[in-house]
Every structure is written in C-alpha cells, then in structure tokens.
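Asker: See run38.txt below, with compact mmCIF, C-alpha atoms.
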```txt
# COMPACT_ATOMS: atom_id res chain seq x y z
CA MET A 1 0.00 0.00 0.00
CA ALA A 2 2.79 2.43 0.93
CA VAL A 3 4.58 1.74 -2.36
CA ILE A 4 1.41 2.38 -4.37
CA LYS A 5 0.74 5.59 -2.45
CA GLY A 6 4.29 6.73 -3.09
CA LYS A 7 3.95 6.17 -6.84
CA ILE A 8 0.63 8.06 -6.93
CA MET A 9 2.19 11.00 -5.09
CA LYS A 10 5.10 11.09 -7.57
CA VAL A 11 2.68 11.18 -10.50
CA LEU A 12 0.63 13.96 -8.89
CA ALA A 13 3.78 15.95 -8.11
CA PHE A 14 4.88 15.64 -11.74
CA PHE A 15 1.58 16.98 -13.08
CA VAL A 16 1.50 19.83 -10.52
CA LYS A 17 4.99 20.88 -11.57
CA GLN A 18 4.07 20.81 -15.26
CA LEU A 19 0.90 22.84 -14.63
CA CYS A 20 2.84 25.49 -12.72
CA ARG A 21 5.06 26.18 -15.74
CA PHE A 22 2.14 27.98 -17.37
CA PHE A 23 1.65 30.61 -14.65
CA ARG A 24 2.88 34.07 -15.66
CA PHE A 25 5.67 35.75 -13.69
CA ASN A 26 4.36 38.45 -11.34
CA PRO A 27 6.97 41.11 -10.43
CA LYS A 28 4.90 42.33 -7.47
CA VAL A 29 4.59 39.06 -5.49
CA VAL A 30 6.90 38.26 -2.57
CA LEU A 31 6.53 35.00 -0.62
CA PHE A 32 7.77 34.33 2.90
CA GLU A 33 7.87 31.07 4.83
CA SER A 34 9.51 29.99 8.06
CA SER A 35 9.99 26.63 9.80
CA LEU A 36 8.47 24.64 6.93
CA PHE A 37 5.34 26.82 6.74
CA ARG A 38 4.71 26.54 10.48
CA ASN A 39 5.03 30.06 11.89
CA TYR A 40 6.11 33.69 11.67
CA THR A 41 9.66 33.79 12.95
CA GLY A 42 13.35 33.47 12.14
CA ASN A 43 15.34 35.26 9.47
CA PRO A 44 12.34 35.66 7.11
CA ARG A 45 10.41 37.52 9.81
CA TYR A 46 13.07 40.18 10.24
CA ILE A 47 13.59 40.63 6.51
CA TYR A 48 9.83 41.12 6.15
CA GLU A 49 9.70 43.61 9.03
CA GLN A 50 12.52 45.60 7.44
CA MET A 51 10.52 45.70 4.20
CA VAL A 52 7.55 47.05 6.16
CA ALA A 53 9.78 49.65 7.86
CA GLU A 54 10.84 50.86 4.41
CA GLY A 55 7.28 50.94 3.08
CA LEU A 56 7.76 48.08 0.64
CA ASP A 57 4.60 46.31 1.81
CA GLU A 58 2.79 49.03 -0.14
CA LYS A 59 4.76 48.32 -3.31
CA PHE A 60 4.61 44.51 -3.28
CA ASP A 61 1.89 41.92 -2.73
CA ILE A 62 3.38 40.04 0.21
CA TYR A 63 2.25 36.58 1.31
CA TRP A 64 3.14 34.42 4.29
CA ILE A 65 2.66 30.72 3.50
CA ALA A 66 1.24 28.56 6.30
CA LYS A 67 0.34 24.89 6.65
CA ASP A 68 -2.38 25.95 9.05
CA PRO A 69 -3.25 29.67 8.75
CA SER A 70 -4.92 29.59 12.17
CA THR A 71 -1.50 29.09 13.81
CA ILE A 72 -0.21 32.40 12.44
CA ASN A 73 -0.92 35.19 14.92
CA LYS A 74 -1.87 38.03 12.59
CA ASP A 75 -1.95 40.48 15.50
CA ILE A 76 1.84 40.43 15.85
CA ILE A 77 2.55 40.89 12.14
CA PRO A 78 2.94 44.53 11.07
CA GLY A 79 2.29 45.98 7.66
CA LYS A 80 0.19 44.90 4.72
CA PHE A 81 0.27 41.15 4.03
CA ASN A 82 -1.75 38.09 3.07
CA ILE A 83 -1.84 34.54 4.42
CA CYS A 84 -1.84 31.71 1.90
CA LYS A 85 -2.47 28.10 2.84
CA TYR A 86 0.20 25.62 1.81
CA LYS A 87 -0.64 23.06 -0.91
CA THR A 88 -3.59 24.99 -2.32
CA PHE A 89 -4.02 26.10 -5.93
CA GLN A 90 -3.21 29.65 -4.83
CA PHE A 91 0.04 28.48 -3.23
CA TYR A 92 1.27 26.66 -6.34
CA LYS A 93 0.38 29.62 -8.51
CA LEU A 94 2.13 32.11 -6.25
CA PHE A 95 5.24 30.00 -5.81
CA SER A 96 5.69 29.48 -9.54
CA SER A 97 5.13 33.14 -10.44
CA ALA A 98 6.58 35.16 -7.52
CA ALA A 99 9.27 37.78 -7.97
CA PHE A 100 10.91 36.83 -4.66
CA ILE A 101 10.81 33.81 -2.34
CA VAL A 102 12.33 34.13 1.13
CA SER A 103 12.61 30.86 3.06
CA ASP A 104 14.61 29.38 5.94
CA SER A 105 13.88 25.72 5.14
CA ARG A 106 14.50 23.10 2.48
CA LEU A 107 11.26 23.06 0.51
CA PRO A 108 9.83 20.10 -1.46
CA LYS A 109 11.65 19.29 -4.69
CA TYR A 110 8.42 19.05 -6.71
CA LEU A 111 7.82 22.82 -6.54
CA TYR A 112 8.38 24.78 -9.74
CA LYS A 113 10.33 28.04 -9.62
CA ASN A 114 10.09 30.55 -12.44
CA LYS A 115 13.41 31.42 -14.08
CA LYS A 116 12.81 35.10 -13.27
CA THR A 117 12.16 34.44 -9.58
CA THR A 118 14.83 35.37 -7.02
CA TYR A 119 14.92 32.74 -4.27
CA ILE A 120 16.69 33.91 -1.09
CA GLN A 121 17.55 31.02 1.20
CA THR A 122 18.18 32.35 4.71
CA TRP A 123 18.60 28.95 6.43
CA HIS A 124 18.20 28.69 10.19
CA GLY A 125 21.57 28.34 11.85
CA THR A 126 25.32 27.84 11.73
CA PRO A 127 25.95 24.08 11.53
CA LEU A 128 27.51 21.99 14.29
CA LYS A 129 25.96 18.65 13.36
CA LYS A 130 26.55 17.26 9.88
CA LEU A 131 23.98 18.05 7.20
CA ALA A 132 22.73 16.88 3.81
CA LEU A 133 25.45 15.50 1.52
CA ASP A 134 27.96 15.33 4.38
CA MET A 135 25.78 12.75 6.12
CA LYS A 136 26.99 9.22 5.36
CA THR A 137 24.08 7.43 7.02
CA LEU A 138 20.48 8.40 7.75
CA ASP A 139 18.28 7.60 10.74
CA MET A 140 15.73 10.39 10.60
CA GLY A 141 12.04 10.00 11.31
CA GLY A 142 12.18 6.32 10.40
CA SER A 143 13.87 6.90 7.05
CA ASN A 144 17.30 5.48 6.24
CA ASP A 145 17.43 6.00 2.47
CA ILE A 146 20.49 8.24 2.34
CA LYS A 147 20.77 8.20 -1.47
CA THR A 148 17.25 9.58 -1.97
CA TYR A 149 17.85 12.10 0.81
CA HIS A 150 20.98 13.38 -0.97
CA LYS A 151 19.22 13.46 -4.33
CA ASN A 152 16.28 15.45 -2.96
CA PHE A 153 18.59 17.93 -1.25
CA LYS A 154 20.44 18.60 -4.50
CA LYS A 155 17.17 19.25 -6.32
CA SER A 156 15.97 21.65 -3.62
CA SER A 157 19.23 23.60 -3.40
CA SER A 158 19.34 24.02 -7.17
CA MET A 159 16.41 26.47 -6.84
CA TRP A 160 18.30 28.87 -4.56
CA ASP A 161 19.76 32.08 -6.00
CA TYR A 162 21.19 33.60 -2.80
CA PHE A 163 22.16 31.99 0.48
CA ILE A 164 22.59 34.01 3.67
CA SER A 165 25.60 33.00 5.73
CA GLN A 166 26.38 33.92 9.32
CA ASN A 167 30.15 33.46 8.96
CA PRO A 168 32.89 32.21 6.58
CA PHE A 169 32.85 28.78 8.26
CA SER A 170 29.17 28.41 7.35
CA THR A 171 29.80 29.52 3.78
CA GLU A 172 32.40 26.83 3.22
CA THR A 173 30.29 24.16 4.92
CA PHE A 174 27.00 24.98 3.18
CA ARG A 175 28.62 25.23 -0.24
CA ARG A 176 29.86 21.66 0.14
CA CYS A 177 27.05 19.93 2.04
CA PHE A 178 24.24 21.46 -0.05
CA ALA A 179 26.14 21.22 -3.36
CA TYR A 180 25.23 24.88 -3.75
CA ASP A 181 27.06 26.89 -6.39
CA GLY A 182 25.05 30.12 -6.18
CA GLU A 183 25.89 33.40 -4.47
CA PHE A 184 26.42 33.70 -0.73
CA LEU A 185 25.46 36.78 1.24
CA GLU A 186 27.99 36.85 4.08
CA ILE A 187 26.17 39.41 6.19
CA GLY A 188 25.29 37.70 9.49
CA TYR A 189 21.75 36.69 10.37
CA PRO A 190 18.77 39.07 10.08
CA ARG A 191 17.21 37.50 13.17
CA ASN A 192 20.22 38.62 15.20
CA ASP A 193 19.74 42.30 14.36
CA LYS A 194 17.32 42.43 17.27
CA LEU A 195 19.92 41.07 19.70
CA ILE A 196 22.27 43.90 18.82
CA ASN A 197 19.79 46.76 18.54
CA THR A 198 17.62 46.11 21.64
CA THR A 199 18.30 48.30 24.71
CA PRO A 200 18.26 47.27 28.42
CA SER A 201 15.08 49.33 28.79
CA ASP A 202 13.48 47.32 25.98
CA ILE A 203 14.46 44.07 27.73
CA TYR A 204 12.93 45.24 31.01
CA SER A 205 9.67 46.05 29.22
CA LEU A 206 9.74 42.69 27.46
CA LYS A 207 10.06 40.83 30.76
CA ARG A 208 7.03 42.67 32.13
CA GLN A 209 5.08 41.95 28.97
CA MET A 210 5.93 38.24 29.18
CA GLY A 211 4.94 38.01 32.84
CA LEU A 212 8.42 37.02 33.98
CA PRO A 213 9.70 37.79 37.49
CA LEU A 214 11.92 40.84 37.68
CA ASN A 215 13.73 39.78 40.85
CA LYS A 216 15.22 36.49 39.59
CA LYS A 217 17.72 35.40 36.96
CA ILE A 218 16.34 33.57 33.95
CA ILE A 219 17.76 30.40 32.41
CA LEU A 220 16.70 29.48 28.89
CA TYR A 221 16.71 25.75 28.10
CA ALA A 222 16.61 25.19 24.33
CA PRO A 223 17.63 21.70 23.19
CA THR A 224 17.56 20.34 19.66
CA TRP A 225 15.70 17.25 18.44
CA ARG A 226 17.06 13.72 18.07
CA ASP A 227 16.83 12.13 14.62
CA ASN A 228 15.97 8.70 15.99
CA GLN A 229 13.36 9.73 18.57
CA PHE A 230 10.19 10.45 16.63
CA TYR A 231 6.48 9.80 16.21
CA LYS A 232 6.56 9.99 12.44
CA GLN A 233 8.62 11.75 9.80
CA GLY A 234 8.85 15.45 10.67
CA GLU A 235 7.43 15.01 14.19
CA TYR A 236 9.95 14.37 16.95
CA LYS A 237 9.84 13.61 20.67
CA PHE A 238 11.01 15.89 23.45
CA ALA A 239 14.23 14.00 24.25
CA ASN A 240 14.49 15.32 27.79
CA GLN A 241 16.86 14.05 30.46
CA VAL A 242 16.75 17.17 32.64
CA ASP A 243 15.60 16.53 36.21
CA PHE A 244 13.41 19.59 36.67
CA ASP A 245 12.56 18.57 40.24
CA ALA A 246 16.24 18.63 41.18
CA LEU A 247 16.77 21.92 39.34
CA ARG A 248 13.83 23.53 41.09
CA ASP A 249 15.04 22.41 44.51
CA ALA A 250 18.53 23.76 43.86
CA LEU A 251 17.75 26.93 41.91
CA GLU A 252 14.28 28.31 42.60
CA ASP A 253 15.40 30.88 45.18
CA GLU A 254 17.54 32.65 42.59
CA TYR A 255 16.39 31.45 39.16
CA VAL A 256 13.42 30.62 36.96
CA MET A 257 13.57 28.69 33.71
CA ILE A 258 12.14 29.09 30.21
CA VAL A 259 11.78 25.91 28.16
CA LYS A 260 11.79 26.31 24.37
CA TYR A 261 11.42 23.27 22.11
CA HIS A 262 12.69 22.94 18.56
CA TYR A 263 9.79 23.45 16.15
CA LEU A 264 9.98 19.80 15.01
CA ILE A 265 9.22 18.54 18.54
CA LYS A 266 5.54 17.67 18.88
CA ASP A 267 5.23 16.59 22.51
CA SER A 268 2.78 18.51 24.65
CA VAL A 269 4.35 18.57 28.11
CA ASP A 270 2.33 19.50 31.19
CA TRP A 271 4.45 21.97 33.13
CA SER A 272 1.79 22.83 35.70
CA LYS A 273 3.65 21.14 38.57
CA TYR A 274 6.51 23.59 38.00
CA GLU A 275 4.34 26.70 37.98
CA GLY A 276 6.36 29.71 39.03
CA PHE A 277 9.64 28.01 38.14
CA VAL A 278 9.24 26.83 34.53
CA TYR A 279 7.79 29.10 31.85
CA GLN A 280 7.05 27.54 28.46
CA TYR A 281 6.48 29.36 25.18
CA GLY A 282 5.06 27.72 22.07
CA GLU A 283 6.82 27.11 18.79
CA GLU A 284 5.26 30.26 17.35
CA TYR A 285 6.98 32.47 19.93
CA ASP A 286 10.04 34.32 18.63
CA ILE A 287 13.11 32.83 20.29
CA ALA A 288 15.00 36.13 19.93
CA ASN A 289 12.83 37.51 22.74
CA LEU A 290 13.76 34.53 24.91
CA TYR A 291 17.46 35.15 24.27
CA LEU A 292 17.06 38.77 25.28
CA VAL A 293 15.30 38.14 28.60
CA SER A 294 17.54 35.25 29.69
CA ASP A 295 20.74 35.47 31.72
CA MET A 296 22.07 32.05 30.73
CA LEU A 297 21.43 29.46 28.01
CA ILE A 298 21.43 25.71 28.48
CA THR A 299 21.51 23.84 25.18
CA ASP A 300 23.10 20.79 23.60
CA TYR A 301 23.90 20.61 19.87
CA SER A 302 21.48 23.26 18.71
CA SER A 303 22.53 26.21 16.56
CA VAL A 304 21.03 28.49 19.22
CA MET A 305 24.52 28.49 20.73
CA PHE A 306 25.84 30.60 17.85
CA ASP A 307 23.10 33.23 17.99
CA TYR A 308 23.12 33.44 21.78
CA SER A 309 26.86 34.07 21.86
CA VAL A 310 26.17 37.42 20.17
CA LEU A 311 24.93 38.53 23.60
CA ASN A 312 28.12 37.42 25.37
CA ARG A 313 26.14 35.68 28.12
CA PRO A 314 26.91 32.33 29.80
CA LEU A 315 26.40 29.08 27.89
CA VAL A 316 26.15 25.62 29.46
CA PHE A 317 25.97 22.45 27.34
CA PHE A 318 23.90 19.58 28.77
CA THR A 319 25.00 16.75 26.47
CA TYR A 320 24.02 13.55 28.29
CA ASP A 321 24.19 11.59 25.00
CA LEU A 322 27.32 13.22 23.58
CA GLU A 323 29.14 10.08 22.41
CA GLU A 324 26.01 8.57 20.80
CA TYR A 325 25.06 11.81 19.06
CA MET A 326 28.59 12.50 17.88
CA ASN A 327 29.44 8.98 16.73
CA ASP A 328 26.13 7.35 15.76
CA LEU A 329 23.52 9.98 14.88
CA ARG A 330 25.12 12.92 13.09
CA GLY A 331 28.76 13.70 13.74
CA PHE A 332 30.14 17.23 14.11
CA TYR A 333 31.84 19.74 11.82
CA PHE A 334 34.34 20.83 14.44
CA ASP A 335 35.81 19.68 17.73
CA PHE A 336 32.85 20.48 19.95
CA LYS A 337 34.63 19.52 23.16
CA GLU A 338 37.52 21.83 22.32
CA GLU A 339 35.57 24.85 21.01
CA ALA A 340 32.48 24.91 23.25
CA PRO A 341 32.58 28.29 25.08
CA GLY A 342 31.13 26.93 28.31
CA PRO A 343 30.91 23.85 30.55
CA ILE A 344 29.98 20.54 28.90
CA VAL A 345 28.07 18.41 31.41
CA LEU A 346 26.60 14.91 31.22
CA THR A 347 24.60 14.61 34.44
CA ASN A 348 22.00 16.66 36.29
CA ASP A 349 24.28 17.07 39.30
CA ASP A 350 27.00 18.52 37.10
CA LEU A 351 24.43 20.72 35.36
CA ILE A 352 23.35 22.24 38.66
CA ASP A 353 26.96 22.75 39.70
CA ALA A 354 27.79 24.43 36.36
CA ILE A 355 24.91 26.87 36.81
CA LEU A 356 25.63 27.76 40.41
CA ASN A 357 29.40 28.00 40.00
CA TYR A 358 29.75 29.44 36.51
CA ASP A 359 33.01 31.41 36.34
CA GLU A 360 33.03 33.90 33.49
CA SER A 361 36.80 34.42 33.69
CA GLN A 362 37.38 30.71 33.12
CA TRP A 363 35.58 30.83 29.76
CA LYS A 364 36.51 34.32 28.53
CA GLU A 365 39.28 33.22 26.13
CA LYS A 366 37.24 30.41 24.55
CA TYR A 367 34.17 32.62 24.34
CA THR A 368 36.08 35.32 22.50
CA LYS A 369 37.49 32.81 20.00
CA PHE A 370 34.03 31.31 19.47
CA HIS A 371 32.46 34.72 18.94
CA ASN A 372 35.17 35.83 16.52
CA LYS A 373 34.79 32.66 14.45
CA TYR A 374 31.01 32.38 14.33
CA ASN A 375 29.64 35.92 14.88
CA PRO A 376 32.08 38.27 13.12
CA LEU A 377 29.46 39.52 10.64
CA ASP A 378 26.49 40.13 12.93
CA ASP A 379 26.35 43.94 13.02
CA GLY A 380 22.63 44.65 13.41
CA GLN A 381 22.21 45.55 9.72
CA ALA A 382 21.69 42.17 8.01
CA SER A 383 17.97 42.69 7.35
CA ALA A 384 18.61 46.05 5.70
CA LYS A 385 21.25 44.47 3.45
CA VAL A 386 18.83 41.79 2.22
CA VAL A 387 16.12 44.37 1.59
CA GLU A 388 18.61 46.48 -0.37
CA LEU A 389 19.21 43.44 -2.58
CA ILE A 390 15.45 43.04 -3.11
CA LYS A 391 15.09 46.71 -4.02
CA ASN A 392 17.97 46.53 -6.48
CA LYS A 393 16.55 43.42 -8.13
CA ALA A 394 13.16 45.08 -8.41
CA ASN A 395 14.70 48.32 -9.71
CA LEU A 396 13.30 50.37 -6.85
```
Would you mind writing the structure in this file as structure tokens?

Answerer:
Amino acid sequence: MAVIKGKIMKVLAFFVKQLCRFFRFNPKVVLFESSLFRNYTGNPRYIYEQMVAEGLDEKFDIYWIAKDPSTINKDIIPGKFNICKYKTFQFYKLFSSAAFIVSDSRLPKYLYKNKKTTYIQTWHGTPLKKLALDMKTLDMGGSNDIKTYHKNFKKSSSMWDYFISQNPFSTETFRRCFAYDGEFLEIGYPRNDKLINTTPSDIYSLKRQMGLPLNKKIILYAPTWRDNQFYKQGEYKFANQVDFDALRDALEDEYVMIVKYHYLIKDSVDWSKYEGFVYQYGEEYDIANLYLVSDMLITDYSSVMFDYSVLNRPLVFFTYDLEEYMNDLRGFYFDFKEEAPGPIVLTNDDLIDAILNYDESQWKEKYTKFHNKYNPLDDGQASAKVVELIKNKANL
C-alpha cells in the first residue's frame, strides 16, 4: 500500500509541476515562509519587518505561507500582508510566479520556480551537526534511504539564488554539504539584528510583557531534536533528560527557567507542577525575545549556541548523549569539546553545579574565540542588506 501511495504522489507531483510552468511571472509578489510553513519567525520575519519599515509592503503583494493559517498570529505581524495556505491552488500559482521567495527551510523538490524568480535562502543556523550530503548514514524520522535524501537535497538547493551565511565557516560548509554553487550573502543573520539593537530598557519592558519575574535570573533551556526519537517523519519527541525537580530544589530561590522546544518537537508537556519556576512558550513564539530576557542558556547541539553568543552571556551544554550523538547519529563539523565556550556536562548534578558555580573568567578566552569565528558579521544591519538586494533586483 505504501509503495502504491508513493507512486501516486510522484505522478501527482509531476503533473503539478508541469501545470505550474504555465503561470505568468508576477513582479509584485513576494513569498515568505519559516519553519516549513509553520510560523512567523526566524530570518524571514526580520527581513519582512525591514521591508515594512521601508514601506515596501505598499509596493509589493506580500504573502506568508502557512500549513495551518490559524497558527499564524496576525496580530503580531505589522504591515500589509496576506496569508496563503500551503498546498492549495493559490500556493502553487504564487510559488511558480513570484518575484521573490524568502525561506529558511529546504522546501519540497516538486515545486516549480520561475526562471525570473529570485529565491533567497536564509537557512536557520550555523551548523555543528553534519547536514545533507555530508551525512553518510540516515536515521531520521524512520527513514534510512540516504541516497534519496541526498538526491532530494540537490534538487531543492538548485532552486536557490542567494544563500545568507552567518560566517565564513558556514559559507564553506554549506557550499559543500548542499552542493550549492550560487551566491552567498555573508552578512550575518537578520534574526540577530534584534539582539544587537535592543536596549536594556526594551528588555525590562519585554520581561514585564511576558509576565516574567523581575527579581530572579532567567535560564533558557533550548535543546535540539534527536533524529531517531520520533512519532513519524517530521514530528519528533522531546528527548528530555533534565531533572526539573532537582533543578527547582537547587535553583528556585535565585532562578526561573524558560523551556523552548525545537519546532519539530511535537510533545505537549504539562508543566503545571513547575508553575512559578518553569515558563514555556510555544513554537510560534520568537526565540529572539527569549534570548534577550535570559541570563544564561542551556543547550546541547542546537545552533542556538551561535546566535546566543552574540549577547556574550553564559552558555552551558547539557549533552548527556554526547558520544552517541557525535558517533552514531550525526557527527560534528568541528571539535565540539575543544571549542564549546562553556561547561559541557553529562549529568544533572554537574548541570546544577555548572549553573551555580559558573566562572566567566574561566571561559573568557574560549568565548572570545568562538564569537570571533562564528559571529564576526552580525552587526545589526543584516535585514537592511537583504532588503537592499530586493530593491535593487526590483529596480526600486
């Protein structure tokens, strides 16, 4: 049955792609998507908001693409825009005729892109774990067909015209692992503009708005997903080994915690027993705000480490499955143990100790090296640089 369904889907995809070739190019249409059509966030969000700030929402017909339009909070989106549902006739027409596509994800290979369209791939992080063509084996959401995975990645990356890079290391890595031979925009990440341009007064107001205590330090816990812990393809489990009871007992007098899942994690965790200590924000909530209000980040192998280091605040790495992740699941692009700009801990006891006894002076040299390697281009102007490109392409 699965084989038959797969063949039917391939045939349908072929006919959709052929149909889309007949749609006429529209120089006024700009499409945005983030997190595989799931929400309004990331690099695309800040490029869009820069366009609004420059009045370009009045000169273009701008669309945000969503799998479920009801999950997009229109109240937080400024400017003049439209919401288009993914996999509708309107979506296929817009995608195949748009002047610009701005995306932070690898989109399906069956989509047709007009030759006149400018596709700006922003991606969603500097890589630590191996990606795409650099992966030798695959154990992701139940799939282990590495050859098809590589083939599909090549087809998707062939649509990209520009690729935003956070640093030279990323440029070199992405060029190879995505087999991408287009133009790189080495400008830092648009989503990090906010980290550089926000004032202490803004952060204070944000804490009040979010209902966070003003008399305690805030720890952000933001782990990544595990390829082999899933419900189905594209929906992963919350691979949690943190003992929140122990953390609360040890930390609650001085700290509270924010828990932020990766958008691919689909568990719904009941945090009610930790009320007043753990604050949880949904996948639609902009993680940049969580960086700004937090005093320390706990993560593992997530690219949040690179963005957070822009703020020069403490990082702790809770990597209870380090050897398995490094040797069996993905593998790393650099010596994580050597370069990590903060304590690497494997147990909850060591995690608590690392939080309570964090010594900034001990990590200053490594932190500076890390920042200089991975954040040298983040200057608070990345969004404006992308919008300048769009204006030049559109002859505005």

Asker: Any idea what's packed within 10 Å of stretch 167-176 of chain A, counting only C-alpha atoms, ignoring anything in its chain fewer than 4 positions away? Could you give it as a list in words?

Answerer: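 Non-adjacent residues within range: Trp123, Gly125, Thr126, Pro127, Leu128, Lys130, Leu131, Ala132, Leu133, Asp134, Phe163, Tyr180, Asp181, Gly182, Glu183, Phe184, Leu185, Glu186, Ile187, Gly188, Tyr189, Tyr333, Asn372, Lys373, Tyr374, Asn375, Pro376, Leu377 and Asp378 of chain A.
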
Asker: Tell me which protein, DNA and RNA residues are within 12 Å of A:Asp193, counting all atoms listed in the file, leaving out same-chain ones fewer than 5 positions away, and put them as a list in words.

Answerer: Gly42, Asn43, Arg45, Tyr46, Ile47, Glu49, Gln50, Gln166, Ile187, Gly188, Thr198, Ala288, Asn289, Leu292, Asp307, Val310, Leu311, Asn375, Leu377, Asp378, Asp379, Gly380, Gln381, Ala382, Ser383, Ala384 and Lys385 of chain A

Asker: Tell me which protein, DNA and RNA residues are within 10 Å of stretch 110-121 of chain A, counting only C-alpha atoms, leaving out same-chain ones fewer than 5 positions away, and put them as a tab-separated table (two decimals) with C-alpha atoms, keeping the file's coordinate frame.

Answerer:
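Saved result, around-v2.tsv, follows:
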```
chain	number	residue	atom	x	y	z
A	10	LYS	CA	5.10	11.09	-7.57
A	12	LEU	CA	0.63	13.96	-8.89
A	13	ALA	CA	3.78	15.95	-8.11
A	14	PHE	CA	4.88	15.64	-11.74
A	15	PHE	CA	1.58	16.98	-13.08
A	16	VAL	CA	1.50	19.83	-10.52
A	17	LYS	CA	4.99	20.88	-11.57
A	18	GLN	CA	4.07	20.81	-15.26
A	19	LEU	CA	0.90	22.84	-14.63
A	20	CYS	CA	2.84	25.49	-12.72
A	21	ARG	CA	5.06	26.18	-15.74
A	22	PHE	CA	2.14	27.98	-17.37
A	23	PHE	CA	1.65	30.61	-14.65
A	24	ARG	CA	2.88	34.07	-15.66
A	25	PHE	CA	5.67	35.75	-13.69
A	26	ASN	CA	4.36	38.45	-11.34
A	27	PRO	CA	6.97	41.11	-10.43
A	29	VAL	CA	4.59	39.06	-5.49
A	30	VAL	CA	6.90	38.26	-2.57
A	31	LEU	CA	6.53	35.00	-0.62
A	32	PHE	CA	7.77	34.33	2.90
A	43	ASN	CA	15.34	35.26	9.47
A	44	PRO	CA	12.34	35.66	7.11
A	92	TYR	CA	1.27	26.66	-6.34
A	93	LYS	CA	0.38	29.62	-8.51
A	94	LEU	CA	2.13	32.11	-6.25
A	95	PHE	CA	5.24	30.00	-5.81
A	96	SER	CA	5.69	29.48	-9.54
A	97	SER	CA	5.13	33.14	-10.44
A	98	ALA	CA	6.58	35.16	-7.52
A	99	ALA	CA	9.27	37.78	-7.97
A	100	PHE	CA	10.91	36.83	-4.66
A	101	ILE	CA	10.81	33.81	-2.34
A	102	VAL	CA	12.33	34.13	1.13
A	103	SER	CA	12.61	30.86	3.06
A	104	ASP	CA	14.61	29.38	5.94
A	105	SER	CA	13.88	25.72	5.14
A	152	ASN	CA	16.28	15.45	-2.96
A	155	LYS	CA	17.17	19.25	-6.32
A	156	SER	CA	15.97	21.65	-3.62
A	157	SER	CA	19.23	23.60	-3.40
A	159	MET	CA	16.41	26.47	-6.84
A	160	TRP	CA	18.30	28.87	-4.56
A	161	ASP	CA	19.76	32.08	-6.00
A	162	TYR	CA	21.19	33.60	-2.80
A	163	PHE	CA	22.16	31.99	0.48
A	164	ILE	CA	22.59	34.01	3.67
A	165	SER	CA	25.60	33.00	5.73
A	183	GLU	CA	25.89	33.40	-4.47
A	184	PHE	CA	26.42	33.70	-0.73
A	185	LEU	CA	25.46	36.78	1.24
A	386	VAL	CA	18.83	41.79	2.22
A	389	LEU	CA	19.21	43.44	-2.58
A	390	ILE	CA	15.45	43.04	-3.11
A	393	LYS	CA	16.55	43.42	-8.13
A	394	ALA	CA	13.16	45.08	-8.41
```

Asker: Nearest to A:His150 among A:His371, A:Lys109, A:His124, A:Lys129, with distances taken over all atoms listed in the file: which residue is it?

Answerer: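 Comparing A:His371, A:Lys109, A:His124, A:Lys129 against A:His150, the winner is A:Lys109.
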
Asker: Would you kindly identify which residues have an atom no farther than 12 Å from (10.3, 36.4, 38.5), using all atoms listed in the file and the file's own coordinates, and write them out as a PyMOL selection string?

Answerer: chain A and resi 204+207-208+210-219+252-258+275-279+293-294

Asker: At what distance in Å, to one decimal, does atom CA of A:Trp64 lie from atom CA of A:Leu107?

Answerer: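 Between these atoms lies a distance of 14.5 Å.
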
Asker: Residues near stretch 342-346 of chain A, anyone? I mean within 10 Å using all atoms listed in the file, not counting same-chain ones fewer than 5 positions away, as a PyMOL selection string.

Answerer: chain A and resi 241+298-300+314-322+336-337+351-355+358-360+362-364+366-367

Asker: Please indicate the distance in Å from atom CA of A:Asn73 to atom CA of A:Phe91, rounded to one decimal place.

Answerer: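 Atom CA of A:Asn73 sits 19.4 Å away from atom CA of A:Phe91.
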
Asker: Once you add 5 Å to each side, what are the centre and edge lengths of the axis-aligned box holding all listed atoms of stretch 49-65 of chain A? One decimal in Å, as lines of an AutoDock Vina configuration file, if you can.

Answerer:
```
center_x = 7.2
center_y = 40.8
center_z = 2.9
size_x = 20.6
size_y = 30.2
size_z = 22.3
```
